[in-house]
Structure formats: structure tokens, C-alpha cells
>>> print(open('my_file.txt').read())   # compact mmCIF, C-alpha atoms
# COMPACT_ATOMS: atom_id res chain seq x y z
CA MET A 1421 21.21 -3.57 2.64
CA GLU A 1422 21.07 -7.19 1.61
CA ILE A 1423 19.62 -10.32 3.16
CA VAL A 1424 19.89 -10.24 6.95
CA HIS A 1425 20.10 -13.46 8.94
CA VAL A 1426 18.64 -13.74 12.43
CA SER A 1427 19.73 -16.78 14.47
CA GLY A 1428 17.24 -18.78 16.47
CA ARG A 1429 15.49 -22.11 16.87
CA ASN A 1430 15.60 -24.14 13.67
CA ARG A 1431 12.13 -24.43 12.13
CA GLY A 1432 13.39 -24.92 8.61
CA LYS A 1433 14.40 -22.26 6.10
CA VAL A 1434 12.35 -19.15 6.88
CA MET A 1435 12.62 -16.22 4.46
CA LEU A 1436 10.74 -12.94 4.81
CA TYR A 1437 10.47 -10.60 1.82
CA ALA A 1438 9.55 -7.18 3.17
CA LEU A 1439 9.45 -3.44 2.48
CA SER A 1440 11.24 -1.04 4.84
CA THR A 1441 8.24 1.33 4.85
CA CYS A 1442 5.52 -1.30 5.36
CA VAL A 1443 3.95 -1.56 8.80
CA TRP A 1444 2.55 -5.07 8.21
CA CYS A 1445 6.05 -6.19 7.20
CA LYS A 1446 7.37 -4.67 10.43
CA LYS A 1447 4.77 -6.61 12.44
CA THR A 1448 5.72 -9.84 10.66
CA LYS A 1449 9.42 -9.20 11.29
CA GLU A 1450 8.70 -8.53 14.98
CA LEU A 1451 6.60 -11.70 15.22
CA LEU A 1452 9.46 -13.80 13.80
CA ALA A 1453 11.85 -12.20 16.29
CA SER A 1454 9.48 -12.84 19.22
CA LEU A 1455 9.00 -16.47 18.15
CA GLY A 1456 12.79 -16.81 18.23
CA VAL A 1457 12.98 -18.85 15.04
CA ASP A 1458 16.00 -18.86 12.76
CA HIS A 1459 15.14 -16.70 9.75
CA SER A 1460 16.32 -14.25 7.15
CA TYR A 1461 14.71 -11.08 5.87
CA VAL A 1462 15.30 -8.63 3.07
CA PHE A 1463 13.94 -5.12 2.45
CA VAL A 1464 13.28 -5.36 -1.27
CA ASP A 1465 12.69 -1.60 -1.66
CA LEU A 1466 16.25 -0.85 -0.51
CA LEU A 1467 17.98 -3.08 -3.07
CA PRO A 1468 19.79 -1.72 -6.14
CA GLU A 1469 17.70 -2.05 -9.33
CA LYS A 1470 19.18 -5.31 -10.62
CA GLU A 1471 19.07 -7.10 -7.27
CA MET A 1472 15.53 -5.81 -6.77
CA GLU A 1473 14.42 -7.38 -10.06
CA GLU A 1474 16.03 -10.70 -9.15
CA MET A 1475 14.47 -10.64 -5.71
CA MET A 1476 11.04 -9.84 -7.19
CA GLU A 1477 11.34 -12.89 -9.44
CA GLN A 1478 11.84 -14.99 -6.31
CA VAL A 1479 8.83 -13.37 -4.61
CA MET A 1480 6.58 -13.81 -7.67
CA LYS A 1481 7.39 -17.54 -7.83
CA PHE A 1482 5.61 -17.95 -4.51
CA ASN A 1483 3.26 -14.97 -4.63
CA PRO A 1484 2.32 -13.95 -8.19
CA LYS A 1485 0.85 -10.66 -6.90
CA GLY A 1486 4.33 -9.63 -5.78
CA SER A 1487 2.91 -8.14 -2.58
CA PHE A 1488 4.44 -7.75 0.88
CA PRO A 1489 5.07 -9.20 3.37
CA THR A 1490 5.71 -12.56 1.70
CA LEU A 1491 6.93 -15.27 4.05
CA VAL A 1492 8.36 -18.43 2.50
CA ILE A 1493 9.04 -21.52 4.60
CA ASP A 1494 11.29 -24.29 3.27
CA ASP A 1495 10.95 -22.97 -0.29
CA ARG A 1496 7.40 -24.30 -0.52
CA LYS A 1497 4.94 -22.90 2.03
CA CYS A 1498 4.08 -19.27 1.41
CA ILE A 1499 2.12 -16.94 3.71
CA VAL A 1500 1.18 -13.57 2.23
CA GLY A 1501 0.36 -10.73 4.61
CA PHE A 1502 0.53 -10.49 8.39
CA ARG A 1503 -1.54 -13.60 9.13
CA GLU A 1504 -0.43 -14.01 12.69
CA ALA A 1505 -2.25 -17.24 13.60
CA GLU A 1506 -1.16 -18.91 10.37
CA ILE A 1507 2.47 -17.87 10.86
CA ARG A 1508 2.48 -19.03 14.49
CA GLU A 1509 1.02 -22.38 13.47
CA ALA A 1510 3.46 -22.90 10.59
CA LEU A 1511 6.44 -22.21 12.86
CA ALA A 1512 5.18 -23.88 16.03
CA MET B 860 17.46 2.27 -3.71
CA THR B 861 18.77 4.05 -0.61
CA PRO B 862 16.70 4.38 2.56
CA GLY B 863 16.66 8.13 1.94
CA LYS B 864 16.44 10.95 4.43
CA MET B 865 14.28 10.07 7.41
CA PRO B 866 11.52 12.60 8.08
CA THR B 867 11.58 14.47 11.39
CA ASP B 868 9.03 13.91 14.15
CA ALA B 869 7.57 17.36 13.44
CA GLU B 870 7.13 16.55 9.72
CA ILE B 871 5.39 13.26 10.54
CA SER B 872 3.08 14.93 13.08
CA ALA B 873 2.19 17.73 10.64
CA LEU B 874 1.23 15.34 7.84
CA HIS B 875 -0.58 13.01 10.25
CA GLU B 876 -2.71 15.91 11.52
CA LYS B 877 -3.41 17.19 8.00
CA LEU B 878 -4.48 13.76 6.71
CA ASP B 879 -6.61 13.17 9.80
CA ARG B 880 -8.39 16.53 9.38
CA GLU B 881 -8.97 16.02 5.64
CA ALA B 882 -10.20 12.47 6.19
CA GLU B 883 -12.77 13.49 8.82
CA GLU B 884 -13.94 16.45 6.71
CA ALA B 885 -14.61 14.10 3.78
CA GLY B 886 -16.23 11.30 5.81
CA TYR B 887 -13.17 9.04 6.02
CA HIS B 888 -11.24 7.92 9.10
CA LEU B 889 -7.56 7.35 9.78
CA ASN B 890 -6.57 4.30 11.79
CA PRO B 891 -7.26 5.16 15.47
CA ASP B 892 -4.06 3.31 16.49
CA ARG B 893 -1.97 6.49 16.48
CA ALA B 894 1.42 4.75 16.57
CA PHE B 895 0.42 2.45 13.69
CA ALA B 896 -0.89 5.34 11.57
CA ARG B 897 2.18 7.41 12.41
CA ASP B 898 4.47 4.66 11.05
CA LEU B 899 2.48 4.69 7.80
CA VAL B 900 2.63 8.49 7.58
CA GLN B 901 6.40 8.21 8.03
CA GLY B 902 6.42 5.70 5.14
CA LEU B 903 4.52 8.17 2.97
CA LEU B 904 7.12 10.87 3.70
CA VAL B 905 10.00 8.46 3.05
CA ASN B 906 8.45 7.48 -0.28
CA THR B 907 7.82 11.12 -1.22
CA ALA B 908 11.50 11.90 -0.60
CA ARG B 909 12.63 8.74 -2.38
CA TYR B 910 10.34 8.63 -5.43
CA GLY B 911 8.87 12.13 -5.63
CA TYR B 912 5.35 10.94 -4.86
CA ALA B 913 3.56 9.51 -1.83
CA SER B 914 3.14 5.92 -2.94
CA CYS B 915 1.58 3.37 -0.59
CA PRO B 916 4.13 2.39 2.11
CA CYS B 917 3.01 -1.25 1.83
CA ARG B 918 3.57 -1.58 -1.91
CA LEU B 919 6.74 -1.57 -3.98
CA ALA B 920 6.85 1.59 -6.09
CA SER B 921 8.42 1.58 -9.56
CA GLY B 922 9.88 5.06 -9.30
CA ASN B 923 7.82 6.05 -12.36
CA ARG B 924 4.94 8.26 -11.25
CA SER B 925 2.70 7.59 -14.25
CA LYS B 926 2.97 3.83 -13.66
CA ASP B 927 2.15 4.24 -9.98
CA LEU B 928 -0.73 6.74 -10.13
CA ASP B 929 -3.06 4.01 -8.83
CA ILE B 930 -1.01 3.50 -5.64
CA ILE B 931 -0.40 7.13 -4.72
CA CYS B 932 -2.12 7.62 -1.37
CA PRO B 933 -5.12 7.63 -1.23
CA CYS B 934 -4.91 4.77 -3.72
CA ASP B 935 -7.50 3.74 -6.32
CA TYR B 936 -8.25 0.68 -4.18
CA ARG B 937 -8.95 2.41 -0.87
CA ASP B 938 -12.72 2.78 -1.20
CA PRO B 939 -13.52 -0.75 -2.47
CA ASP B 940 -11.25 -2.15 0.29
CA LEU B 941 -12.98 0.00 2.94
CA SER B 942 -16.33 -1.37 1.75
CA GLU B 943 -15.20 -4.98 1.64
CA HIS B 944 -12.53 -5.24 4.35
CA ASP B 945 -13.13 -2.20 6.64
CA ALA B 946 -9.65 -0.88 5.88
CA CYS B 947 -7.49 0.11 2.95
CA TYR B 948 -4.59 -2.17 2.01
CA CYS B 949 -2.06 -0.62 4.41
CA ALA B 950 -4.83 0.21 6.95
CA LEU B 951 -4.06 3.93 7.15
CA TYR B 952 -7.77 4.43 6.41
CA VAL B 953 -10.40 2.42 8.27
CA SER B 954 -14.21 2.16 8.32
CA GLY B 955 -16.56 3.56 10.97
CA PRO B 956 -17.00 0.16 12.69
CA ILE B 957 -13.21 -0.18 13.07
CA LEU B 958 -12.99 3.36 14.42
CA LYS B 959 -15.71 2.58 16.98
CA GLY B 960 -14.11 -0.75 17.82
CA THR B 961 -17.15 -2.85 16.89
CA ARG B 962 -15.18 -4.71 14.23
CA LYS B 963 -11.64 -6.01 14.29
CA LEU B 964 -8.99 -5.20 11.72
CA ARG B 965 -8.02 -8.14 9.49
CA PRO B 966 -5.35 -8.42 6.78
CA VAL B 967 -6.53 -6.91 3.50
CA PRO B 968 -5.65 -8.94 0.39
CA GLU B 969 -3.92 -7.09 -2.44
CA ARG B 970 -6.51 -5.82 -4.91
CA ARG B 971 -4.06 -4.16 -7.29
CA PRO B 972 -3.73 -6.22 -10.48
CA SER B 973 -0.36 -7.92 -11.08
CA PRO B 974 2.19 -6.07 -13.26
CA GLU B 975 1.17 -8.12 -16.35
CA GLN B 976 -2.53 -7.47 -15.78
CA ARG B 977 -1.84 -3.78 -15.30
CA GLN B 978 -0.01 -3.58 -18.60
CA ALA B 979 -2.91 -5.28 -20.34
CA VAL B 980 -5.41 -2.78 -19.04
CA VAL B 981 -5.79 0.07 -21.44
CA ARG B 982 -7.09 3.05 -19.58
CA GLU B 983 -10.46 3.68 -21.09
CA VAL B 984 -10.74 7.09 -22.65
CA ARG B 985 -14.05 7.91 -24.20
CA THR B 986 -13.75 10.53 -26.85
CA THR B 987 -17.35 10.99 -27.89
CA PRO B 988 -19.66 12.28 -25.19
CA LEU B 989 -23.22 10.97 -25.14
CA GLY B 990 -25.47 13.03 -27.39
CA GLY B 991 -27.05 16.06 -25.84
CA LEU B 992 -24.63 16.53 -22.95
CA ALA B 993 -23.23 20.02 -22.78
CA TYR B 994 -20.16 18.85 -20.82
CA PRO B 995 -18.22 15.64 -20.38
CA VAL B 996 -18.50 13.99 -16.96
CA TRP B 997 -15.26 13.28 -15.09
CA ARG B 998 -14.94 10.65 -12.38
CA CYS B 999 -12.35 10.60 -9.59
CA ARG B 1000 -10.86 7.11 -9.66
CA VAL B 1001 -10.20 7.30 -5.92
CA CYS B 1002 -13.49 8.41 -4.37
CA GLY B 1003 -15.94 8.35 -7.29
CA TYR B 1004 -16.67 12.10 -7.19
CA LEU B 1005 -18.35 13.15 -10.46
CA CYS B 1006 -18.34 16.56 -12.07
CA ALA B 1007 -19.59 17.85 -15.41
CA ARG B 1008 -17.18 20.44 -16.78
CA LYS B 1009 -14.70 20.93 -19.61
CA ASP B 1010 -11.75 19.49 -17.65
CA PRO B 1011 -11.38 17.74 -14.30
CA PRO B 1012 -10.50 19.97 -11.31
CA GLU B 1013 -6.83 20.49 -10.34
CA ILE B 1014 -7.51 18.74 -7.02
CA CYS B 1015 -10.45 16.48 -6.19
CA PRO B 1016 -12.59 18.54 -3.77
CA VAL B 1017 -13.51 15.39 -1.82
CA CYS B 1018 -10.37 13.30 -1.50
CA LYS B 1019 -7.74 15.86 -2.60
CA VAL B 1020 -6.00 13.72 -5.22
CA ALA B 1021 -4.46 15.33 -8.31
CA LYS B 1022 -6.16 15.98 -11.67
CA GLU B 1023 -4.56 13.01 -13.45
CA ARG B 1024 -6.38 10.61 -11.12
CA PHE B 1025 -9.65 11.50 -12.94
CA GLU B 1026 -11.08 9.50 -15.84
CA ARG B 1027 -13.65 10.43 -18.45
CA PHE B 1028 -16.90 8.82 -17.25
CA ILE B 1029 -19.45 10.03 -19.81
>>> encode(input="my_file.txt", output="C-alpha cells")
Amino acid sequence: MEIVHVSGRNRGKVMLYALSTCVWCKKTKELLASLGVDHSYVFVDLLPEKEMEEMMEQVMKFNPKGSFPTLVIDDRKCIVGFREAEIREALA
Amino acid sequence: MTPGKMPTDAEISALHEKLDREAEEAGYHLNPDRAFARDLVQGLLVNTARYGYASCPCRLASGNRSKDLDIICPCDYRDPDLSEHDACYCALYVSGPILKGTRKLRPVPERRPSPEQRQAVVREVRTTPLGGLAYPVWRCRVCGYLCARKDPPEICPVCKVAKERFERFI
């Protein structure tokens, strides 16, 4: 399982770093789908060791805690956790 | 890491019921949103099959049990998060006000120190008991249960975590 792309309305580059077992990640993923915005997501826990390390480096650049879900918009705005209002506003 | 074998509905229900019973017996509460809690219980079973221990479904496990002792459910951060945010990090456990519906669940910020900070923390082990004490005092890092005896118990009688989750307190 690698990065999965979901087509939709263009609101910039939207990348969701998630865990396959995390319920808050699931809610964030469902929110992105319901908003219909173009985005990608990756389940970091399902990656092979080396890819996981590389992906964690990317996550930590935006979120030094390395926690999930981490949503990165246009490689600059980062929203950590299922902050629904904030996510809706950022992608409105 | 592979997704691993998915637990059956019966396995999820059995663990959900057990955790719910143990929580209520010890004065804790599982999230009353049954579907939400069930998803988390499934995550615990997936992680148990995948890593060999029930690490928090909302945190990335290392695969090394001794490095992840603090995030084995119930995690070391549950009780401070319940006090401060009315829920643990993943929200499997919630406070009384959330259970009664008088407060609303909000996202809980990650309390676990970053990997670098965790490495820097040397687990404090006190070797000399205070003068006059007949026994050392052990503290459960999860729920704060204290007991004065030669060694910590196999299982915490309050929150049911394993012996290695205890630290020497006095």
C-alpha cells in the first residue's frame, strides 16, 4: 500500500498522513472524501520499513511530534488531528 | 508492514465487552459511541496480531515492545489526558461528563514526548529506599496505584497493565 490519490475539486496539494488503525485518521479521510477535494493519503503503518522511515521524515518536517492524522496543504499549512472546522475552512 | 489478519466480529465484541466491564469496575468509562469504540478495539486486535502487543491504534508503533511500553493500551498518558481533555488520546476512554453527554469530545493533543525526547529520558530507578521503610513502594505508571511490597504485582489490580509498567516510587 503506497500513496493513494483521490480525484476531486482542486484546492491545492492536499496530503493526508494516516494510520490504518486510527479512528481519527478515518474520520479525516472521510471528511476529505465528503468535501470532494482532490487529495492523496498514505497509511504510514502499512509501509515497508525503509519507506516508513522516509515518510516519517516528511511528517516530522511539518509535525515534529510525528502524530496522526497529519494533513499538509500545499506543502506549508499543516493541521494535526481531526480538527473538522479548521480542515473545512482551509479547504473551503 | 502488512495489514495483518483482520479480527473477527466475535473477537472484537469479546474484547470490547471485557474492556468495558474492566473499565466500569475500576471507575473508568469506554467511549459510549459503540461504533467508534468498536473501531478502536479492532485496531487494538490488529496491532496485537501485528506487533505482539496492543499498542494505541492512533499511534505508530515501533514493533519493539520495550520501546512502546508507554503506548500499550491503557497508555501512560490516559489518566492525565482524561483529567485535562475528558478523553484519552484515541478516545477509547472518556470522562464521566462525556459519558453523560454534558461535555463534548474534542481532539486530544499528543502528550507523548517526541522520539528524541523519549530517548533522552532515563527511566528513573531509585535503588536506595528511604530510611526506615520495610518495603519499597511501587507505582503503576498508568493509573498511579501504589503498593508497598518486595516486587510489583504481575498485573495492576486497578487497571490490569503488566508488571513492567510499574516504577519504583519510594
>>> interface_residues(input="my_file.txt", of="chain A", to="chain B", cutoff="10 Å", atoms="only C-alpha atoms", output="ChimeraX atom specification")
/A:1421,1438-1446,1463-1469,1472,1476,1480,1484-1489,1500-1504
>>> residues_around(input="my_file.txt", residues="Trp997 of chain B", least_positions_apart="5", cutoff="7 Å", atoms="all atoms listed in the file", output="ChimeraX atom specification")
/B:1005-1007,1011,1025-1028
>>> atom_distance(input="my_file.txt", atom1="atom CA of Val1479 of chain A", atom2="atom CA of Tyr1461 of chain A")
12.2 Å
>>> atom_distance(input="my_file.txt", atom1="atom CA of Ala882 of chain B", atom2="atom CA of Ser925 of chain B")
24.7 Å
>>> atom_distance(input="my_file.txt", atom1="atom CA of Val1462 of chain A", atom2="atom CA of Ile1423 of chain A")
4.6 Å
>>> closest_residue(input="my_file.txt", among="A:Lys1433, A:Lys1470, A:Lys1447, A:His1425", to="Ala1510 of chain A", atoms="only C-alpha atoms")
A:Lys1433
>>> residues_near_point(input="my_file.txt", point="(-11.4, -0.3, 14.7)", cutoff="12 Å", atoms="only C-alpha atoms", output="list in words")
His888, Leu889, Asn890, Pro891, Asp892, Arg893, Leu941, His944, Asp945, Ala946, Ala950, Leu951, Tyr952, Val953, Ser954, Gly955, Pro956, Ile957, Leu958, Lys959, Gly960, Thr961, Arg962, Lys963, Leu964 and Arg965 of chain B
>>> residues_around(input="my_file.txt", residues="Ala1453 of chain A", least_positions_apart="2", cutoff="12 Å", atoms="all atoms listed in the file", output="PyMOL selection string")
chain A and resi 1425-1429+1434+1436+1446-1451+1455-1461+1508+1511
>>> decode(input="my_file.txt", residues="segment 1433-1495 of chain A", atoms="C-alpha atoms", output="mmCIF file, in the first residue's frame")
data_model
loop_
_atom_site.group_PDB
_atom_site.id
_atom_site.type_symbol
_atom_site.label_atom_id
_atom_site.label_comp_id
_atom_site.auth_asym_id
_atom_site.auth_seq_id
_atom_site.Cartn_x
_atom_site.Cartn_y
_atom_site.Cartn_z
ATOM 1 C CA LYS A 1433 -1.945 19.869 -2.984
ATOM 2 C CA VAL A 1434 -3.661 18.049 -0.119
ATOM 3 C CA MET A 1435 -1.742 15.222 1.549
ATOM 4 C CA LEU A 1436 -3.032 13.144 4.464
ATOM 5 C CA TYR A 1437 -0.597 11.070 6.517
ATOM 6 C CA ALA A 1438 -2.640 8.478 8.380
ATOM 7 C CA LEU A 1439 -2.599 5.159 10.241
ATOM 8 C CA SER A 1440 -4.821 2.303 9.055
ATOM 9 C CA THR A 1441 -5.904 1.542 12.644
ATOM 10 C CA CYS A 1442 -6.602 5.133 13.732
ATOM 11 C CA VAL A 1443 -10.235 6.202 14.021
ATOM 12 C CA TRP A 1444 -9.433 9.942 13.915
ATOM 13 C CA CYS A 1445 -7.476 9.325 10.702
ATOM 14 C CA LYS A 1446 -10.514 7.506 9.308
ATOM 15 C CA LYS A 1447 -12.743 10.479 10.175
ATOM 16 C CA THR A 1448 -10.299 12.870 8.482
ATOM 17 C CA LYS A 1449 -10.147 10.654 5.385
ATOM 18 C CA GLU A 1450 -13.966 10.524 5.261
ATOM 19 C CA LEU A 1451 -14.174 14.301 5.667
ATOM 20 C CA LEU A 1452 -11.818 14.840 2.708
ATOM 21 C CA ALA A 1453 -13.911 12.436 0.628
ATOM 22 C CA SER A 1454 -17.171 14.183 1.591
ATOM 23 C CA LEU A 1455 -15.677 17.596 0.763
ATOM 24 C CA GLY A 1456 -14.828 16.199 -2.666
ATOM 25 C CA VAL A 1457 -11.397 17.811 -2.809
ATOM 26 C CA ASP A 1458 -8.509 16.374 -4.782
ATOM 27 C CA HIS A 1459 -6.162 14.723 -2.291
ATOM 28 C CA SER A 1460 -3.776 11.901 -1.554
ATOM 29 C CA TYR A 1461 -3.423 9.748 1.534
ATOM 30 C CA VAL A 1462 -0.980 7.187 2.839
ATOM 31 C CA PHE A 1463 -1.258 4.645 5.666
ATOM 32 C CA VAL A 1464 2.196 5.009 7.172
ATOM 33 C CA ASP A 1465 1.844 1.906 9.375
ATOM 34 C CA LEU A 1466 1.444 -0.317 6.304
ATOM 35 C CA LEU A 1467 4.656 0.795 4.578
ATOM 36 C CA PRO A 1468 7.801 -1.353 4.447
ATOM 37 C CA GLU A 1469 10.432 -0.243 6.991
ATOM 38 C CA LYS A 1470 12.532 1.951 4.706
ATOM 39 C CA GLU A 1471 9.568 3.728 3.107
ATOM 40 C CA MET A 1472 8.067 4.192 6.564
ATOM 41 C CA GLU A 1473 11.217 5.960 7.776
ATOM 42 C CA GLU A 1474 11.240 8.237 4.729
ATOM 43 C CA MET A 1475 7.566 9.014 5.144
ATOM 44 C CA MET A 1476 8.068 9.787 8.853
ATOM 45 C CA GLU A 1477 10.783 12.289 7.926
ATOM 46 C CA GLN A 1478 8.221 14.058 5.741
ATOM 47 C CA VAL A 1479 5.641 14.025 8.550
ATOM 48 C CA MET A 1480 8.120 15.320 11.152
ATOM 49 C CA LYS A 1481 9.052 18.282 8.926
ATOM 50 C CA PHE A 1482 5.520 19.574 9.367
ATOM 51 C CA ASN A 1483 4.615 17.959 12.683
ATOM 52 C CA PRO A 1484 7.659 17.335 14.920
ATOM 53 C CA LYS A 1485 5.557 15.109 17.212
ATOM 54 C CA GLY A 1486 5.127 12.676 14.339
ATOM 55 C CA SER A 1487 1.493 12.110 15.306
ATOM 56 C CA PHE A 1488 -1.542 11.198 13.186
ATOM 57 C CA PRO A 1489 -3.555 12.309 11.333
ATOM 58 C CA THR A 1490 -1.269 14.958 9.834
ATOM 59 C CA LEU A 1491 -2.820 16.912 6.978
ATOM 60 C CA VAL A 1492 -0.497 19.033 4.844
ATOM 61 C CA ILE A 1493 -1.861 21.563 2.364
ATOM 62 C CA ASP A 1494 0.368 22.975 -0.384
ATOM 63 C CA ASP A 1495 3.499 21.809 1.467
#
